[in-house]
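> Provided herewith is a single structure, encoded as structure tokens, for subsequent inquiry.
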Amino acid sequence: MESGIINTYFATIEPSITTIEDFKNAIPNHTHFHFTGHGNYIFDDPKRSALEFANYNQLTAYEISHLDFNSYELITLSACETALNGKQTINSEYVGLVSAFLKSGANCVVSTLWTVDETSSAWLMIYFYQQYCAGVTPKIALENAQTWLKDVNNQELGIWLTKLLKYGKSKKVNGDILRSIEDEINKHNERNFNSKPYEESYYWLGFIVHQL
């Protein structure tokens, strides 16, 4: 859901990429990469930590470190455990997915510390990109998104989602995504308006920004 909305914030987007080969071929054509699939961290051998593509094919941190992301302004890894690093120093080892992207030239990486809730993660990421595309730096944009998600109540979230739904329709976003947003609007409208559904730190604290 989040990718379908976030894609509309950029003039140039790539059709859904499912294979590692397609991903590598697309790298020279873009300046941003948003990954919503599965990521895993290998504690005993961090360079084997990987992003998972179609058919369980994995792109390891070691492989990523040998790709060229020098033109990339932002990489977002909206998947579990993508922010974990080993005890090795960043100068001597590819200690995880984040450091691999940074060593390959990326300017900034947003990642997660634990398995995140799919729905709350989507709202946080969409809000983050709304801020970022308005000119806010990644660090401040993420802080703003986390504060918003923590403090937003059901009434406010319903209003925000209604605006998001209208925007999605104007951009001809996939119908399944629009129906999911409609379902969320109905759900929050049926709840206590003053209740804050995502105030627990589990929902918003796991995202962090990395820059060299």
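Identifiers for the structure tokens are assigned positionally: chains receive A, B, ... in sequence, residues are indexed from 1 per chain, and ligands are indexed from 1 in the order shown.
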Can you check which residues of segment 35-131 of chain A DSSP gives as strand (DSSP E or B) on the backbone and send them as a list of chain:residue names?
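Secondary structure check on segment 35-131 of chain A, strand (DSSP E or B): A:Phe35, A:Gly39, A:Asn40, A:Ala50, A:Leu51, A:Glu52, A:Gln58, A:Leu59, A:Thr60, A:Leu74, A:Ile75, A:Thr76, A:Leu77, A:Val109, A:Val110, A:Ser111, A:Thr112.
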> Per residue of segment 115-197 of chain A within 10 Å of segment 34-53 of chain A, record the nearest atom pair and its distance in Å to one decimal, counting only C-alpha atoms, with rows in chain order and ascending residue number, as a Markdown table.

| residue | atom | partner | partner_atom | distance |
| --- | --- | --- | --- | --- |
| A:Thr115 | CA | A:His38 | CA | 9.3 |
| A:Glu118 | CA | A:Thr36 | CA | 9.5 |
| A:Ser121 | CA | A:Thr36 | CA | 9.9 |
| A:Ala122 | CA | A:Thr36 | CA | 9.5 |
| A:Met125 | CA | A:His34 | CA | 9.9 |
> Limited to N, CA, C and O atoms, could you put the picked residues into a file as a compact mmCIF listing (two decimals), in the first residue's frame?

# COMPACT_ATOMS: atom_id res chain seq x y z
N THR A 115 10.59 -5.79 13.36
CA THR A 115 9.47 -6.04 12.46
C THR A 115 8.36 -5.04 12.77
O THR A 115 7.86 -4.99 13.89
N GLU A 118 2.45 -3.36 9.55
CA GLU A 118 2.33 -2.97 8.14
C GLU A 118 1.52 -1.69 7.95
O GLU A 118 1.92 -0.81 7.19
N SER A 121 3.16 1.45 9.70
CA SER A 121 4.37 1.76 8.95
C SER A 121 4.04 2.50 7.66
O SER A 121 4.73 3.45 7.27
N ALA A 122 2.95 2.08 7.00
CA ALA A 122 2.54 2.75 5.77
C ALA A 122 2.20 4.20 6.03
O ALA A 122 2.62 5.10 5.30
N MET A 125 5.43 6.19 6.84
CA MET A 125 6.27 6.40 5.67
C MET A 125 5.64 7.40 4.70
O MET A 125 6.34 8.24 4.12
> Report as a list in words all protein, DNA and RNA residues lying within 8 Å of segment 176-178 of chain A, evaluated on only C-alpha atoms, omitting residues in the same chain fewer than 5 positions from it.
Met1, Gly4, Leu165, Gly168 and Lys169 of chain A
> For segment 61-74 of chain A, please output as number ranges by chain all residues within 7 Å (counting only C-alpha atoms; exclusion window: fewer than 2 positions along the same chain).
A: 31-33, 47-50, 59, 76, 94, 96-97, 100-101, 103-109
> Would you save the residues from that selection as a PDB file, in the first residue's frame, using N, CA and C atoms?

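Final output, out.pdb:
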ATOM      1  N   THR A  31      17.360   8.216  -8.272  1.00  0.00           N
ATOM      2  CA  THR A  31      18.079   8.836  -7.147  1.00  0.00           C
ATOM      3  C   THR A  31      17.470   8.443  -5.808  1.00  0.00           C
ATOM      4  N   HIS A  32      16.380   7.650  -5.840  1.00  0.00           N
ATOM      5  CA  HIS A  32      15.707   7.202  -4.624  1.00  0.00           C
ATOM      6  C   HIS A  32      15.327   5.729  -4.759  1.00  0.00           C
ATOM      7  N   PHE A  33      15.382   5.017  -3.627  1.00  0.00           N
ATOM      8  CA  PHE A  33      14.991   3.602  -3.609  1.00  0.00           C
ATOM      9  C   PHE A  33      14.185   3.353  -2.346  1.00  0.00           C
ATOM     10  N   LYS A  47      27.769  -9.556   6.690  1.00  0.00           N
ATOM     11  CA  LYS A  47      27.806  -9.256   5.259  1.00  0.00           C
ATOM     12  C   LYS A  47      26.844 -10.121   4.468  1.00  0.00           C
ATOM     13  N   ARG A  48      26.311 -11.171   5.091  1.00  0.00           N
ATOM     14  CA  ARG A  48      25.303 -12.012   4.449  1.00  0.00           C
ATOM     15  C   ARG A  48      23.883 -11.554   4.758  1.00  0.00           C
ATOM     16  N   SER A  49      23.745 -10.510   5.558  1.00  0.00           N
ATOM     17  CA  SER A  49      22.422  -9.910   5.762  1.00  0.00           C
ATOM     18  C   SER A  49      21.882  -9.521   4.397  1.00  0.00           C
ATOM     19  N   ALA A  50      20.556  -9.600   4.219  1.00  0.00           N
ATOM     20  CA  ALA A  50      20.058  -9.487   2.846  1.00  0.00           C
ATOM     21  C   ALA A  50      18.657  -8.895   2.766  1.00  0.00           C
ATOM     22  N   LEU A  59      19.558 -10.436  -1.959  1.00  0.00           N
ATOM     23  CA  LEU A  59      20.641  -9.529  -2.303  1.00  0.00           C
ATOM     24  C   LEU A  59      21.353  -9.182  -1.008  1.00  0.00           C
ATOM     25  N   THR A  76      15.278   4.037   1.421  1.00  0.00           N
ATOM     26  CA  THR A  76      14.412   3.689   2.547  1.00  0.00           C
ATOM     27  C   THR A  76      14.200   2.191   2.565  1.00  0.00           C
ATOM     28  N   TYR A  94      31.594  -4.813   6.036  1.00  0.00           N
ATOM     29  CA  TYR A  94      30.235  -4.470   5.650  1.00  0.00           C
ATOM     30  C   TYR A  94      29.358  -5.042   6.753  1.00  0.00           C
ATOM     31  N   GLY A  96      26.350  -4.586   7.862  1.00  0.00           N
ATOM     32  CA  GLY A  96      24.914  -4.702   7.766  1.00  0.00           C
ATOM     33  C   GLY A  96      24.413  -4.022   6.511  1.00  0.00           C
ATOM     34  N   LEU A  97      23.114  -4.070   6.299  1.00  0.00           N
ATOM     35  CA  LEU A  97      22.535  -3.515   5.083  1.00  0.00           C
ATOM     36  C   LEU A  97      22.725  -2.004   4.984  1.00  0.00           C
ATOM     37  N   ALA A 100      26.266  -1.072   4.159  1.00  0.00           N
ATOM     38  CA  ALA A 100      26.568  -1.476   2.781  1.00  0.00           C
ATOM     39  C   ALA A 100      26.101  -0.414   1.796  1.00  0.00           C
ATOM     40  N   PHE A 101      24.892   0.102   1.987  1.00  0.00           N
ATOM     41  CA  PHE A 101      24.387   1.158   1.112  1.00  0.00           C
ATOM     42  C   PHE A 101      25.204   2.443   1.268  1.00  0.00           C
ATOM     43  N   LYS A 103      28.356   2.676   2.213  1.00  0.00           N
ATOM     44  CA  LYS A 103      29.679   2.469   1.623  1.00  0.00           C
ATOM     45  C   LYS A 103      29.624   2.463   0.100  1.00  0.00           C
ATOM     46  N   SER A 104      28.451   2.137  -0.455  1.00  0.00           N
ATOM     47  CA  SER A 104      28.319   2.131  -1.912  1.00  0.00           C
ATOM     48  C   SER A 104      27.945   3.507  -2.450  1.00  0.00           C
ATOM     49  N   GLY A 105      27.866   4.517  -1.560  1.00  0.00           N
ATOM     50  CA  GLY A 105      27.712   5.895  -2.017  1.00  0.00           C
ATOM     51  C   GLY A 105      26.414   6.591  -1.688  1.00  0.00           C
ATOM     52  N   ALA A 106      25.427   5.885  -1.144  1.00  0.00           N
ATOM     53  CA  ALA A 106      24.145   6.524  -0.823  1.00  0.00           C
ATOM     54  C   ALA A 106      24.332   7.632   0.202  1.00  0.00           C
ATOM     55  N   ASN A 107      23.619   8.726   0.026  1.00  0.00           N
ATOM     56  CA  ASN A 107      23.747   9.868   0.932  1.00  0.00           C
ATOM     57  C   ASN A 107      23.042   9.637   2.260  1.00  0.00           C
ATOM     58  N   CYS A 108      21.908   8.953   2.228  1.00  0.00           N
ATOM     59  CA  CYS A 108      21.087   8.794   3.437  1.00  0.00           C
ATOM     60  C   CYS A 108      20.289   7.503   3.347  1.00  0.00           C
ATOM     61  N   VAL A 109      20.165   6.810   4.484  1.00  0.00           N
ATOM     62  CA  VAL A 109      19.394   5.564   4.536  1.00  0.00           C
ATOM     63  C   VAL A 109      18.441   5.619   5.727  1.00  0.00           C
TER      64      VAL A 109
END
